[in-house]
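Structure file work08.txt; described as compact mmCIF, C-alpha atoms and all ligand atoms.
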# COMPACT_ATOMS: atom_id res chain seq x y z
CA MET B 112 -5.28 -30.85 1.07
CA THR B 113 -2.53 -32.69 -0.78
CA SER B 114 1.09 -32.06 0.04
CA ILE B 115 3.61 -30.74 -2.45
CA LEU B 116 7.38 -31.29 -2.49
CA PHE B 117 9.66 -28.90 -4.37
CA THR B 118 12.91 -30.64 -5.33
CA ASN B 119 16.05 -30.17 -7.42
CA GLY B 120 16.14 -26.38 -7.18
CA LYS B 121 17.60 -23.56 -5.12
CA VAL B 122 15.99 -21.85 -2.15
CA LEU B 123 16.32 -18.10 -1.70
CA ASP B 124 16.72 -16.77 1.83
CA PRO B 125 15.86 -13.03 1.72
CA GLU B 126 17.02 -12.42 5.29
CA GLY B 127 20.51 -13.72 4.59
CA GLY B 128 20.54 -12.50 0.99
CA VAL B 129 21.71 -15.91 -0.25
CA THR B 130 20.47 -18.72 -2.48
CA LYS B 131 21.12 -22.28 -1.31
CA SER B 132 21.27 -25.43 -3.41
CA GLY B 133 20.38 -28.94 -2.32
CA LEU B 134 17.29 -28.10 -0.24
CA ASP B 135 13.81 -29.55 -0.70
CA VAL B 136 10.70 -27.74 0.54
CA LEU B 137 7.64 -29.68 1.67
CA VAL B 138 4.28 -27.87 1.75
CA GLU B 139 1.35 -29.32 3.68
CA ASN B 140 -2.06 -27.82 4.46
CA GLY B 141 -1.13 -24.35 3.27
CA ARG B 142 2.05 -24.15 5.32
CA ILE B 143 5.71 -24.97 4.87
CA LYS B 144 6.14 -28.23 6.72
CA SER B 145 9.90 -28.70 6.36
CA VAL B 146 12.99 -27.49 4.54
CA GLY B 147 16.03 -29.77 4.15
CA SER B 148 17.96 -32.09 1.89
CA GLY B 149 16.46 -35.39 0.75
CA LEU B 150 13.13 -34.86 2.55
CA ASP B 151 10.71 -37.75 2.95
CA ALA B 152 7.24 -36.97 1.71
CA PRO B 153 3.98 -38.74 2.58
CA SER B 154 2.46 -40.95 -0.12
CA GLY B 155 0.32 -39.04 -2.55
CA THR B 156 2.61 -36.00 -2.41
CA ARG B 157 2.90 -34.09 -5.66
CA ARG B 158 6.56 -33.65 -6.59
CA ILE B 159 7.58 -30.52 -8.48
CA ASP B 160 11.00 -30.79 -10.15
CA LEU B 161 12.42 -27.26 -10.21
CA ALA B 162 15.21 -28.30 -12.61
CA GLY B 163 17.65 -25.81 -11.07
CA ARG B 164 15.17 -22.92 -10.79
CA THR B 165 14.89 -20.76 -7.66
CA LEU B 166 12.12 -21.01 -5.08
CA MET B 167 11.56 -17.80 -3.14
CA PRO B 168 8.85 -16.29 -0.92
CA GLY B 169 5.95 -14.68 -2.80
CA LEU B 170 6.34 -10.94 -3.44
CA ILE B 171 4.54 -8.44 -1.22
CA ASP B 172 3.41 -5.05 -2.54
CA CYS B 173 2.74 -2.74 0.40
CA HIS B 174 1.02 0.07 -1.50
CA VAL B 175 -1.78 -0.64 -3.95
CA HIS B 176 -5.37 0.49 -4.60
CA VAL B 177 -7.15 -2.50 -6.12
CA VAL B 178 -10.45 -0.64 -6.61
CA ALA B 179 -8.77 1.93 -8.90
CA GLU B 180 -9.39 -0.04 -12.06
CA THR B 181 -9.24 3.07 -14.25
CA LEU B 182 -7.30 6.30 -13.84
CA ASP B 183 -10.63 8.16 -14.17
CA LEU B 184 -11.18 7.98 -10.41
CA TRP B 185 -14.77 9.25 -10.52
CA ALA B 186 -15.65 6.48 -12.98
CA ASN B 187 -14.45 3.96 -10.37
CA ILE B 188 -16.62 5.63 -7.73
CA ILE B 189 -19.86 5.69 -9.70
CA ALA B 190 -19.47 2.14 -11.04
CA PRO B 191 -22.06 -0.22 -9.53
CA THR B 192 -20.46 -1.98 -6.58
CA SER B 193 -20.90 -5.42 -8.19
CA LEU B 194 -18.95 -4.23 -11.23
CA ALA B 195 -16.33 -2.50 -9.07
CA ALA B 196 -15.80 -5.77 -7.17
CA LEU B 197 -15.32 -7.81 -10.32
CA ARG B 198 -12.91 -5.24 -11.71
CA SER B 199 -10.96 -5.24 -8.44
CA ALA B 200 -10.73 -9.03 -8.63
CA ARG B 201 -9.17 -8.70 -12.07
CA VAL B 202 -6.62 -6.15 -10.79
CA MET B 203 -5.71 -8.57 -7.97
CA GLU B 204 -5.44 -11.59 -10.25
CA GLU B 205 -3.14 -9.70 -12.60
CA ALA B 206 -0.84 -8.86 -9.67
CA LEU B 207 -0.73 -12.52 -8.66
CA GLN B 208 0.36 -13.51 -12.15
CA ARG B 209 3.30 -11.10 -11.72
CA GLY B 210 4.38 -13.00 -8.58
CA PHE B 211 2.68 -10.90 -5.87
CA THR B 212 1.04 -13.12 -3.27
CA THR B 213 0.17 -10.34 -0.78
CA LEU B 214 -1.16 -6.85 -1.44
CA ARG B 215 -1.57 -4.13 1.18
CA ASP B 216 -4.39 -1.86 0.01
CA LEU B 217 -4.01 1.80 0.99
CA GLY B 218 -7.60 2.88 0.47
CA GLY B 219 -10.68 1.46 -1.21
CA ALA B 220 -10.75 -2.31 -0.73
CA ASP B 221 -13.21 -3.73 1.79
CA ILE B 222 -13.66 -6.94 3.77
CA GLY B 223 -15.73 -8.39 0.90
CA LEU B 224 -12.62 -8.59 -1.30
CA VAL B 225 -10.63 -10.12 1.57
CA ARG B 226 -13.32 -12.79 1.97
CA GLY B 227 -13.48 -13.27 -1.79
CA VAL B 228 -9.84 -14.41 -1.72
CA GLU B 229 -10.32 -16.54 1.41
CA GLU B 230 -13.37 -18.26 -0.11
CA GLY B 231 -11.58 -18.95 -3.40
CA LEU B 232 -13.80 -16.66 -5.48
CA ILE B 233 -10.79 -14.53 -6.44
CA GLY B 234 -7.59 -16.28 -7.63
CA GLY B 235 -5.56 -13.40 -6.29
CA PRO B 236 -3.12 -12.42 -3.56
CA ARG B 237 -4.09 -12.18 0.11
CA LEU B 238 -5.29 -8.68 0.82
CA ILE B 239 -4.45 -6.48 3.83
CA ILE B 240 -6.95 -3.61 4.05
CA CYS B 241 -7.39 -0.26 5.79
CA GLY B 242 -10.91 0.44 4.50
CA LYS B 243 -11.03 3.97 3.09
CA GLY B 244 -8.21 6.52 3.33
CA LEU B 245 -9.18 9.25 5.81
CA THR B 246 -8.84 12.74 4.36
CA THR B 247 -9.75 16.29 5.42
CA THR B 248 -12.13 18.45 3.40
CA GLY B 249 -9.99 19.58 0.46
CA GLY B 250 -7.31 17.00 1.33
CA HIS B 251 -5.59 14.49 -0.92
CA ALA B 252 -8.43 11.96 -1.11
CA ASP B 253 -11.08 14.68 -1.57
CA LEU B 254 -11.31 14.61 -5.35
CA ARG B 255 -14.13 17.18 -5.66
CA ARG B 256 -13.46 20.17 -7.87
CA ARG B 257 -13.87 23.63 -6.31
CA THR B 258 -17.28 23.95 -7.96
CA ASP B 259 -18.45 20.54 -6.74
CA ASP B 260 -20.41 20.89 -3.50
CA ARG B 261 -21.76 17.36 -3.25
CA PRO B 262 -21.23 16.00 0.25
CA GLY B 263 -18.28 13.64 0.87
CA MET B 264 -16.62 11.16 -1.45
CA MET B 265 -19.48 8.62 -1.81
CA SER B 266 -17.48 6.45 0.58
CA ASP B 267 -20.20 3.82 0.74
CA ARG B 268 -19.17 2.81 -2.81
CA LEU B 269 -16.49 0.14 -3.21
CA GLY B 270 -14.77 2.16 -5.96
CA SER B 271 -14.23 5.16 -3.65
CA MET B 272 -10.78 5.34 -2.06
CA GLY B 273 -11.36 8.17 0.41
CA TYR B 274 -13.49 9.21 3.39
CA VAL B 275 -13.78 12.92 4.18
CA VAL B 276 -13.59 13.60 7.92
CA ASP B 277 -12.93 16.76 9.96
CA GLY B 278 -12.56 17.26 13.72
CA VAL B 279 -11.15 15.10 16.50
CA ASP B 280 -14.39 13.31 17.41
CA ALA B 281 -15.26 12.58 13.78
CA CYS B 282 -11.73 11.25 13.25
CA ARG B 283 -12.11 8.87 16.19
CA ALA B 284 -15.48 7.69 14.88
CA ALA B 285 -14.11 7.18 11.36
CA ALA B 286 -11.11 5.20 12.66
CA ARG B 287 -13.43 3.01 14.72
CA GLU B 288 -15.66 2.46 11.70
CA MET B 289 -12.66 1.29 9.64
CA ILE B 290 -11.53 -1.00 12.47
CA LYS B 291 -15.02 -2.49 12.76
CA GLY B 292 -14.93 -3.14 9.00
CA GLY B 293 -11.75 -5.22 9.30
CA ALA B 294 -9.01 -2.60 8.87
CA ARG B 295 -5.55 -3.98 9.70
CA PHE B 296 -4.18 -0.40 9.85
CA ILE B 297 -5.59 3.12 9.42
CA LYS B 298 -4.63 5.25 6.41
CA ILE B 299 -4.59 9.04 6.59
CA MET B 300 -3.75 11.71 4.04
CA ALA B 301 -1.37 14.01 5.94
CA ASN B 302 0.17 15.94 3.03
CA GLY B 303 -0.75 17.36 -0.38
CA GLY B 304 -1.02 15.03 -3.36
CA VAL B 305 -0.47 14.72 -7.08
CA SER B 306 -3.78 13.41 -8.40
CA SER B 307 -5.98 15.63 -6.21
CA PRO B 308 -7.16 18.99 -7.58
CA ASN B 309 -6.95 21.52 -4.74
CA ASP B 310 -4.01 20.73 -2.48
CA PRO B 311 -0.41 21.82 -3.19
CA ILE B 312 2.22 19.17 -2.42
CA GLU B 313 3.51 21.11 0.61
CA SER B 314 0.10 21.49 2.27
CA ILE B 315 -0.10 19.94 5.74
CA GLN B 316 -3.31 17.96 6.29
CA PHE B 317 -5.11 17.06 9.53
CA SER B 318 -4.36 18.91 12.76
CA ARG B 319 -1.92 17.47 15.30
CA GLU B 320 -4.90 16.75 17.58
CA GLU B 321 -6.73 14.84 14.84
CA ILE B 322 -3.71 12.69 13.99
CA ALA B 323 -2.97 12.03 17.68
CA ALA B 324 -6.59 10.89 18.15
CA ILE B 325 -6.42 8.53 15.16
CA VAL B 326 -3.09 7.12 16.38
CA GLU B 327 -4.63 6.50 19.80
CA GLU B 328 -7.64 4.70 18.28
CA ALA B 329 -5.34 2.56 16.14
CA GLU B 330 -3.07 1.68 19.06
CA ASN B 331 -6.11 0.80 21.18
CA ALA B 332 -7.01 -1.74 18.50
CA ASN B 333 -3.40 -2.98 18.35
CA ILE B 334 -2.91 -1.69 14.82
CA TYR B 335 -0.96 1.28 13.41
CA VAL B 336 -1.45 4.41 11.30
CA SER B 337 -0.07 4.84 7.81
CA ALA B 338 0.19 8.31 6.25
CA HIS B 339 0.49 9.66 2.73
CA LEU B 340 3.53 11.98 2.89
CA TYR B 341 5.98 13.75 0.59
CA THR B 342 7.63 16.72 2.29
CA ASP B 343 10.18 16.55 5.08
CA ARG B 344 8.07 18.80 7.30
CA ALA B 345 4.98 16.60 6.93
CA ILE B 346 6.98 13.39 7.49
CA ARG B 347 8.64 14.76 10.63
CA ARG B 348 5.30 15.83 12.10
CA ALA B 349 3.75 12.43 11.37
CA VAL B 350 6.69 10.58 12.96
CA GLU B 351 6.47 12.80 16.06
CA LEU B 352 2.76 12.00 16.34
CA GLY B 353 3.27 8.23 16.26
CA VAL B 354 2.54 7.38 12.62
CA HIS B 355 4.28 4.07 11.82
CA SER B 356 4.03 3.57 8.07
CA LEU B 357 5.38 6.43 5.94
CA GLU B 358 4.08 6.28 2.35
CA HIS B 359 6.11 7.77 -0.56
CA CYS B 360 8.60 10.00 1.37
CA ASN B 361 10.02 11.47 -1.85
CA LEU B 362 11.27 14.68 -0.20
CA ILE B 363 12.57 13.29 3.10
CA GLU B 364 15.82 14.72 4.57
CA PRO B 365 18.51 12.74 6.46
CA GLU B 366 17.69 13.97 9.98
CA THR B 367 14.01 13.02 9.67
CA ALA B 368 14.96 9.66 8.15
CA ARG B 369 17.21 8.93 11.15
CA MET B 370 14.45 9.95 13.56
CA ALA B 371 11.96 7.67 11.76
CA ALA B 372 14.47 4.79 11.83
CA GLU B 373 15.00 5.24 15.57
CA LYS B 374 11.24 5.08 16.15
CA GLY B 375 11.01 1.83 14.16
CA CYS B 376 8.94 3.32 11.32
CA ILE B 377 8.77 1.67 7.91
CA ALA B 378 8.80 3.76 4.73
CA VAL B 379 7.09 2.69 1.50
CA PRO B 380 8.65 4.43 -1.49
CA THR B 381 6.50 4.21 -4.65
CA LEU B 382 8.76 5.62 -7.37
CA VAL B 383 7.05 3.93 -10.29
CA ALA B 384 3.80 5.83 -9.65
CA TYR B 385 5.48 9.10 -10.66
CA GLU B 386 7.48 7.55 -13.47
CA ALA B 387 4.27 6.15 -14.99
CA LEU B 388 2.39 9.44 -14.58
CA HIS B 389 5.33 11.24 -16.17
CA LEU B 390 5.19 8.85 -19.13
CA GLU B 391 1.42 8.68 -19.58
CA GLY B 392 -0.27 11.35 -17.45
CA LYS B 393 -0.97 13.69 -20.39
CA ARG B 394 -2.70 10.88 -22.29
CA PHE B 395 -4.99 10.35 -19.29
CA GLY B 396 -6.00 13.99 -18.98
CA PHE B 397 -3.58 15.36 -16.36
CA GLY B 398 -3.30 19.15 -16.68
CA GLU B 399 -0.35 21.52 -16.15
CA THR B 400 -0.96 21.86 -12.38
CA GLU B 401 -0.88 18.11 -11.79
CA PHE B 402 2.10 17.75 -14.10
CA SER B 403 4.25 20.24 -12.25
CA LYS B 404 3.41 18.36 -9.02
CA ILE B 405 4.49 15.06 -10.60
CA ASP B 406 7.93 16.45 -11.44
CA VAL B 407 8.54 17.74 -7.90
CA VAL B 408 8.07 14.30 -6.35
CA ARG B 409 9.56 12.34 -9.26
CA ASN B 410 12.80 14.32 -9.05
CA GLY B 411 13.14 13.56 -5.35
CA GLY B 412 12.62 9.80 -5.69
CA LEU B 413 16.10 8.33 -6.13
CA ARG B 414 17.69 10.71 -3.62
CA SER B 415 15.09 9.70 -1.04
CA LEU B 416 16.08 6.03 -1.44
CA GLU B 417 19.72 6.87 -0.70
CA ILE B 418 18.77 8.96 2.31
CA MET B 419 16.50 6.28 3.79
CA ARG B 420 18.97 3.46 3.18
CA ASP B 421 21.85 5.45 4.72
CA ALA B 422 19.69 6.31 7.74
CA GLY B 423 18.84 2.65 8.31
CA LEU B 424 15.13 3.36 7.76
CA LYS B 425 13.43 0.13 6.71
CA MET B 426 11.74 0.29 3.30
CA ALA B 427 8.91 -1.93 2.08
CA PHE B 428 8.19 -2.37 -1.63
CA GLY B 429 5.25 -0.31 -2.95
CA SER B 430 3.89 0.72 -6.34
CA ASP B 431 0.72 2.87 -5.94
CA LEU B 432 -0.19 2.60 -9.63
CA LEU B 433 -3.72 3.65 -10.39
CA GLY B 434 -5.88 2.24 -13.18
CA GLU B 435 -4.32 1.62 -16.58
CA LEU B 436 -0.87 2.53 -15.21
CA ARG B 437 -0.68 -0.80 -13.37
CA LYS B 438 0.95 -2.24 -16.48
CA TYR B 439 4.13 -0.57 -15.13
CA HIS B 440 3.95 -2.56 -11.87
CA CYS B 441 7.28 -4.42 -12.27
CA MET B 442 9.14 -1.27 -13.35
CA GLU B 443 9.44 -0.46 -9.62
CA PHE B 444 12.16 -3.16 -9.44
CA GLU B 445 14.10 -1.40 -12.19
CA LEU B 446 13.86 2.00 -10.47
CA LEU B 447 14.87 0.63 -7.06
CA ALA B 448 17.86 -1.08 -8.68
CA LYS B 449 19.32 2.33 -9.57
CA VAL B 450 20.13 2.73 -5.87
CA LEU B 451 19.55 -0.53 -3.97
CA THR B 452 21.18 -3.95 -4.34
CA PRO B 453 19.08 -6.94 -5.45
CA ALA B 454 19.27 -8.31 -1.88
CA GLU B 455 17.94 -5.02 -0.46
CA ILE B 456 15.12 -4.92 -3.03
CA ILE B 457 14.14 -8.54 -2.36
CA ARG B 458 14.11 -7.93 1.40
CA SER B 459 11.82 -4.92 0.87
CA ALA B 460 9.39 -7.08 -1.16
CA THR B 461 9.45 -10.02 1.28
CA VAL B 462 10.55 -9.82 4.94
CA ILE B 463 10.01 -6.08 5.42
CA GLY B 464 6.67 -6.20 3.59
CA ALA B 465 5.64 -9.11 5.79
CA GLU B 466 6.48 -7.11 8.92
CA LEU B 467 4.37 -4.17 7.71
CA CYS B 468 1.47 -6.49 6.89
CA GLY B 469 1.58 -8.02 10.38
CA TYR B 470 2.99 -11.36 9.18
CA ALA B 471 6.59 -11.25 10.43
CA GLY B 472 7.98 -14.78 10.36
CA LYS B 473 4.83 -16.06 8.60
CA LEU B 474 5.34 -14.49 5.17
CA GLY B 475 8.44 -13.42 3.27
CA VAL B 476 10.47 -16.40 4.50
CA ILE B 477 10.85 -20.09 3.63
CA THR B 478 10.97 -21.69 7.06
CA PRO B 479 8.94 -24.43 8.78
CA ASP B 480 5.47 -23.25 9.84
CA ALA B 481 5.49 -20.15 7.58
CA LEU B 482 2.53 -19.75 5.24
CA ALA B 483 3.13 -21.39 1.87
CA ASP B 484 3.28 -18.28 -0.33
CA LEU B 485 6.00 -19.21 -2.82
CA ILE B 486 7.12 -18.36 -6.34
CA VAL B 487 9.43 -20.14 -8.75
CA VAL B 488 11.87 -17.98 -10.71
CA ASP B 489 13.74 -18.96 -13.90
CA GLY B 490 17.15 -18.11 -12.44
CA ASP B 491 18.49 -16.33 -9.37
CA PRO B 492 16.99 -12.85 -8.77
CA LEU B 493 19.82 -12.06 -6.34
CA GLU B 494 22.10 -12.15 -9.37
CA ASN B 495 19.62 -10.63 -11.81
CA ILE B 496 16.77 -8.59 -10.32
CA ALA B 497 15.30 -8.12 -13.81
CA LEU B 498 13.93 -11.67 -13.49
CA LEU B 499 11.16 -10.11 -11.36
CA GLN B 500 10.19 -7.74 -14.19
CA ASP B 501 8.25 -8.41 -17.42
CA ASP B 502 4.89 -9.11 -15.74
CA GLY B 503 5.86 -12.48 -14.32
CA ALA B 504 7.28 -13.86 -17.59
CA HIS B 505 10.18 -15.40 -15.63
CA ILE B 506 7.94 -16.65 -12.81
CA PRO B 507 6.35 -19.88 -14.04
CA LEU B 508 4.69 -20.88 -10.75
CA VAL B 509 2.89 -18.93 -8.03
CA MET B 510 1.53 -20.51 -4.84
CA ARG B 511 -0.55 -18.73 -2.19
CA ASP B 512 -1.60 -20.50 1.00
CA GLY B 513 -0.40 -23.76 -0.51
CA LEU B 514 -2.65 -23.33 -3.55
CA ILE B 515 -1.00 -23.25 -6.97
CA LEU B 516 -2.65 -20.32 -8.74
CA LYS B 517 -0.25 -20.06 -11.68
CA ASP B 518 1.50 -23.07 -13.18
CA ARG B 519 3.44 -22.94 -16.41
CA LEU B 520 5.99 -25.55 -15.35
CA ASN B 521 4.07 -28.42 -16.95
ZN ZN K 601 -0.41 8.66 -1.43
ZN ZN K 602 -1.82 5.40 -2.72
If you convert what's in this file into structure tokens, what do you get?
Amino acid sequence: MTSILFTNGKVLDPEGGVTKSGLDVLVENGRIKSVGSGLDAPSGTRRIDLAGRTLMPGLIDCHVHVVAETLDLWANIIAPTSLAALRSARVMEEALQRGFTTLRDLGGADIGLVRGVEEGLIGGPRLIICGKGLTTTGGHADLRRRTDDRPGMMSDRLGSMGYVVDGVDACRAAAREMIKGGARFIKIMANGGVSSPNDPIESIQFSREEIAAIVEEAENANIYVSAHLYTDRAIRRAVELGVHSLEHCNLIEPETARMAAEKGCIAVPTLVAYEALHLEGKRFGFGETEFSKIDVVRNGGLRSLEIMRDAGLKMAFGSDLLGELRKYHCMEFELLAKVLTPAEIIRSATVIGAELCGYAGKLGVITPDALADLIVVDGDPLENIALLQDDGAHIPLVMRDGLILKDRLN
């Protein structure tokens, strides 16, 4: 692999929340070899003149569903798996063009898509998977209507995001199956949802015994459990039971946020999901019931950010946009900016995301020996976070694993 030297730009340090001038960055064999001023590079090195632009770690989105190519979730499920895979690849490649070099998939993606990236078949971000999202009968990932008595969620299909499972032993078996399939964490639906037909937001899902069993299986495999959660009661219960990654958290209260922070949990707010559904849900066939659920969680969004920040609860960047709504991906930056500073937002989309993906010190930073996931920005996003919006229009170059996958600098 050739080496690449970035010169004549600025380097953004998310940890310190500062941008430094006068530093070169040398990339070799997919890793950052060295960072310093006036670096020597081996002969044959490609030099990239940043002309004052900013080099920063690639963005990490910690809540996506790459198999949800359309908002008609049953259409994703019944699509032939070959077609579902190609559509997922397109979803991933679009995210990379926006500057995202790592995606954590919260239900749907399988090891085939992970390998597709590793083998160079997909020009997309690296993918961190959980397999399918575990759900109870009638829970958030059980999309069957009341009159639909077909068994399960056709979880053998790539386009299916959920896996229906009830009872402690079945939960253990399901967790083990996900782990065998390459899961880097286990996802459970522990609270009601918006896009599911039969579960009110406040419904509590899975018994304490079931969640404890799944947490034990995950910990035995040296991974963690992530849970879909909105209400304070559901979040508190999940934290007590050892769940590490708290998805959404729109209705969290300060005491629970402090408890979660003390336990070292990481929250993943996904405000744009509800904003996009609010804007376009009717067009995509959402009825009155779903719509009233959207408003409950949407109204709690900004307050939840304040509560979590004030409690010192770490937050990783997430979007959770399904299907056609993914065009709103970068709007999450705009929503976060109503409460958080650019430095806080950038940390959530780099260092904290890296920690949640199991790549602390390897992703989200520009330091020697880190993986070479880098983006070039036309300006300093610490001064203007809007540079990360507009679908990557201000991000002319994206590198993942030392490979340049987007290059508009030439
Ligand atoms: Zn969810
Ligand atoms: Zn989700």
Take the point (16.0, -7.6, -11.9) in the file's coordinates, draw a sphere of radius 12 Å around it, and report as a ChimeraX atom specification every protein, DNA or RNA residue with an atom inside or on it, counting only C-alpha atoms.
/B:441-449,451-457,488-503,505
From the list B:Val450, B:Ile188, B:Leu182, B:Leu224, the nearest residue to Gly392 in chain B using only C-alpha atoms is B:Leu182
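Shortest separation to Cys468 in chain B among B:Leu123, B:Ile115, B:Val138, B:Ile377 occurs at residue B:Ile377, atoms counted being all atoms listed in the file.
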Quick one: pull the distance between CA of Lys438 in chain B and CA of Leu508 in chain B, Å, one decimal.
19.9 Å
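Based on only C-alpha atoms and all ligand atoms, the protein and nucleic acid residues found within 8 Å of ligand ZN 602 (chain K) are, by chain and then by number, His174, Val175, His176, Leu217, Gly218, His339, Glu358, Asp431 and Leu432 of chain B.
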B:Ser199, B:Gln316, B:Thr181, B:Asn333: which is nearest Leu269 in chain B, counting all atoms listed in the file?
B:Ser199
Distance of CA of Ala196 in chain B from CA of Arg283 in chain B, expressed in Å to one decimal place
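Between these atoms lies a distance of 27.8 Å.
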Quick one: distance from CA of Asn302 in chain B to CA of Gly250 in chain B in Å, one decimal?
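Calculated distance between CA of Asn302 in chain B and CA of Gly250 in chain B is 7.7 Å.
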When the cut-off is 12 Å and you count only C-alpha atoms and all ligand atoms, which residues lie near ligand ZN 601 (chain K), shown as a JSON list (two decimals) with C-alpha atoms, keeping the file's coordinate frame?
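Saved file out-v4.json follows:
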[["chain", "number", "residue", "atom", "x", "y", "z"],
["B", 173, "CYS", "CA", 2.74, -2.74, 0.40],
["B", 174, "HIS", "CA", 1.02, 0.07, -1.50],
["B", 175, "VAL", "CA", -1.78, -0.64, -3.95],
["B", 176, "HIS", "CA", -5.37, 0.49, -4.60],
["B", 216, "ASP", "CA", -4.39, -1.86, 0.01],
["B", 217, "LEU", "CA", -4.01, 1.80, 0.99],
["B", 218, "GLY", "CA", -7.60, 2.88, 0.47],
["B", 244, "GLY", "CA", -8.21, 6.52, 3.33],
["B", 245, "LEU", "CA", -9.18, 9.25, 5.81],
["B", 246, "THR", "CA", -8.84, 12.74, 4.36],
["B", 250, "GLY", "CA", -7.31, 17.00, 1.33],
["B", 251, "HIS", "CA", -5.59, 14.49, -0.92],
["B", 252, "ALA", "CA", -8.43, 11.96, -1.11],
["B", 272, "MET", "CA", -10.78, 5.34, -2.06],
["B", 273, "GLY", "CA", -11.36, 8.17, 0.41],
["B", 298, "LYS", "CA", -4.63, 5.25, 6.41],
["B", 299, "ILE", "CA", -4.59, 9.04, 6.59],
["B", 300, "MET", "CA", -3.75, 11.71, 4.04],
["B", 301, "ALA", "CA", -1.37, 14.01, 5.94],
["B", 302, "ASN", "CA", 0.17, 15.94, 3.03],
["B", 303, "GLY", "CA", -0.75, 17.36, -0.38],
["B", 304, "GLY", "CA", -1.02, 15.03, -3.36],
["B", 305, "VAL", "CA", -0.47, 14.72, -7.08],
["B", 306, "SER", "CA", -3.78, 13.41, -8.40],
["B", 307, "SER", "CA", -5.98, 15.63, -6.21],
["B", 312, "ILE", "CA", 2.22, 19.17, -2.42],
["B", 337, "SER", "CA", -0.07, 4.84, 7.81],
["B", 338, "ALA", "CA", 0.19, 8.31, 6.25],
["B", 339, "HIS", "CA", 0.49, 9.66, 2.73],
["B", 340, "LEU", "CA", 3.53, 11.98, 2.89],
["B", 341, "TYR", "CA", 5.98, 13.75, 0.59],
["B", 342, "THR", "CA", 7.63, 16.72, 2.29],
["B", 356, "SER", "CA", 4.03, 3.57, 8.07],
["B", 357, "LEU", "CA", 5.38, 6.43, 5.94],
["B", 358, "GLU", "CA", 4.08, 6.28, 2.35],
["B", 359, "HIS", "CA", 6.11, 7.77, -0.56],
["B", 360, "CYS", "CA", 8.60, 10.00, 1.37],
["B", 361, "ASN", "CA", 10.02, 11.47, -1.85],
["B", 379, "VAL", "CA", 7.09, 2.69, 1.50],
["B", 380, "PRO", "CA", 8.65, 4.43, -1.49],
["B", 381, "THR", "CA", 6.50, 4.21, -4.65],
["B", 382, "LEU", "CA", 8.76, 5.62, -7.37],
["B", 384, "ALA", "CA", 3.80, 5.83, -9.65],
["B", 385, "TYR", "CA", 5.48, 9.10, -10.66],
["B", 408, "VAL", "CA", 8.07, 14.30, -6.35],
["B", 429, "GLY", "CA", 5.25, -0.31, -2.95],
["B", 430, "SER", "CA", 3.89, 0.72, -6.34],
["B", 431, "ASP", "CA", 0.72, 2.87, -5.94],
["B", 432, "LEU", "CA", -0.19, 2.60, -9.63],
["B", 433, "LEU", "CA", -3.72, 3.65, -10.39]]
Using only C-alpha atoms, which protein or nucleic acid residues come within 9 Å of Glu351 in chain B? Drop anything in the same chain fewer than 4 positions from it, and give the result as a tab-separated table (two decimals) with C-alpha atoms, in the frame of the given file.
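Resulting contents of out_11.tsv:
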chain	number	residue	atom	x	y	z
B	346	ILE	CA	6.98	13.39	7.49
B	347	ARG	CA	8.64	14.76	10.63
B	370	MET	CA	14.45	9.95	13.56
B	371	ALA	CA	11.96	7.67	11.76
Nearest to Val225 in chain B among B:Ala427, B:Ala195, B:Ala294, B:Ile418, with distances taken over only C-alpha atoms: which residue is it?
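Distance minimum relative to Val225 in chain B lands on B:Ala294.
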Distance query Arg237 in chain B at most 12 Å, all atoms listed in the file, self and fewer than 2 positions along chain excluded, as a PyMOL selection string
chain B and resi 169-173+177+200+203-204+206-207+211-216+220+222+224-231+233-235+239-240+465+468+470+474+482-484+510-512+514
Here's a test: counting only C-alpha atoms, identify every protein, DNA and RNA residue with an atom at most 6 Å from (11.8, 17.5, -4.4) in the file's coordinate frame, and state them as a PyMOL selection string.
chain B and resi 362+407-408+410-411
Could you save those same residues with C-alpha atoms as a PDB file, in the coordinates of the input?
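New file part_6.pdb:
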ATOM      1  CA  LEU B 362      11.270  14.680  -0.200  1.00  0.00           C
ATOM      2  CA  VAL B 407       8.540  17.740  -7.900  1.00  0.00           C
ATOM      3  CA  VAL B 408       8.070  14.300  -6.350  1.00  0.00           C
ATOM      4  CA  ASN B 410      12.800  14.320  -9.050  1.00  0.00           C
ATOM      5  CA  GLY B 411      13.140  13.560  -5.350  1.00  0.00           C
TER       6      GLY B 411
END
Measuring between only C-alpha atoms, which one of B:Glu139, B:Ala460, B:Asp183, B:Asn521 shows the shortest distance to Phe397 in chain B?
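Nearest to Phe397 in chain B: B:Asp183.
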Can you work out which one of B:Ile477, B:Lys393, B:Ile315, B:Gly423 has the shortest atom-to-atom distance to Leu134 in chain B, counting only C-alpha atoms?
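Of B:Ile477, B:Lys393, B:Ile315, B:Gly423, the one nearest Leu134 in chain B is B:Ile477, counting only C-alpha atoms.
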Given 6 Å of margin on each side, can you work out the centre and size in Å (one decimal) of an axis-aligned box holding every listed atom of range 326-334 of chain B, as AutoDock Vina command-line options?
--center_x -5.3 --center_y 2.1 --center_z 18.0 --size_x 16.7 --size_y 22.1 --size_z 18.4
So which residues touch Ile189 in chain B within 10 Å, counting only C-alpha atoms, skipping near sequence neighbours fewer than 2 positions away, as number ranges by chain?
B: 184-187, 191-192, 195, 265, 268-271
Find the residues around Ala286 in chain B up to 10 Å (only C-alpha atoms counted), leave out those fewer than 4 positions away in its own chain, and share them as a PyMOL selection string.
chain B and resi 241-245+276+280-282+290-292+294+296-299+324-329+332+336
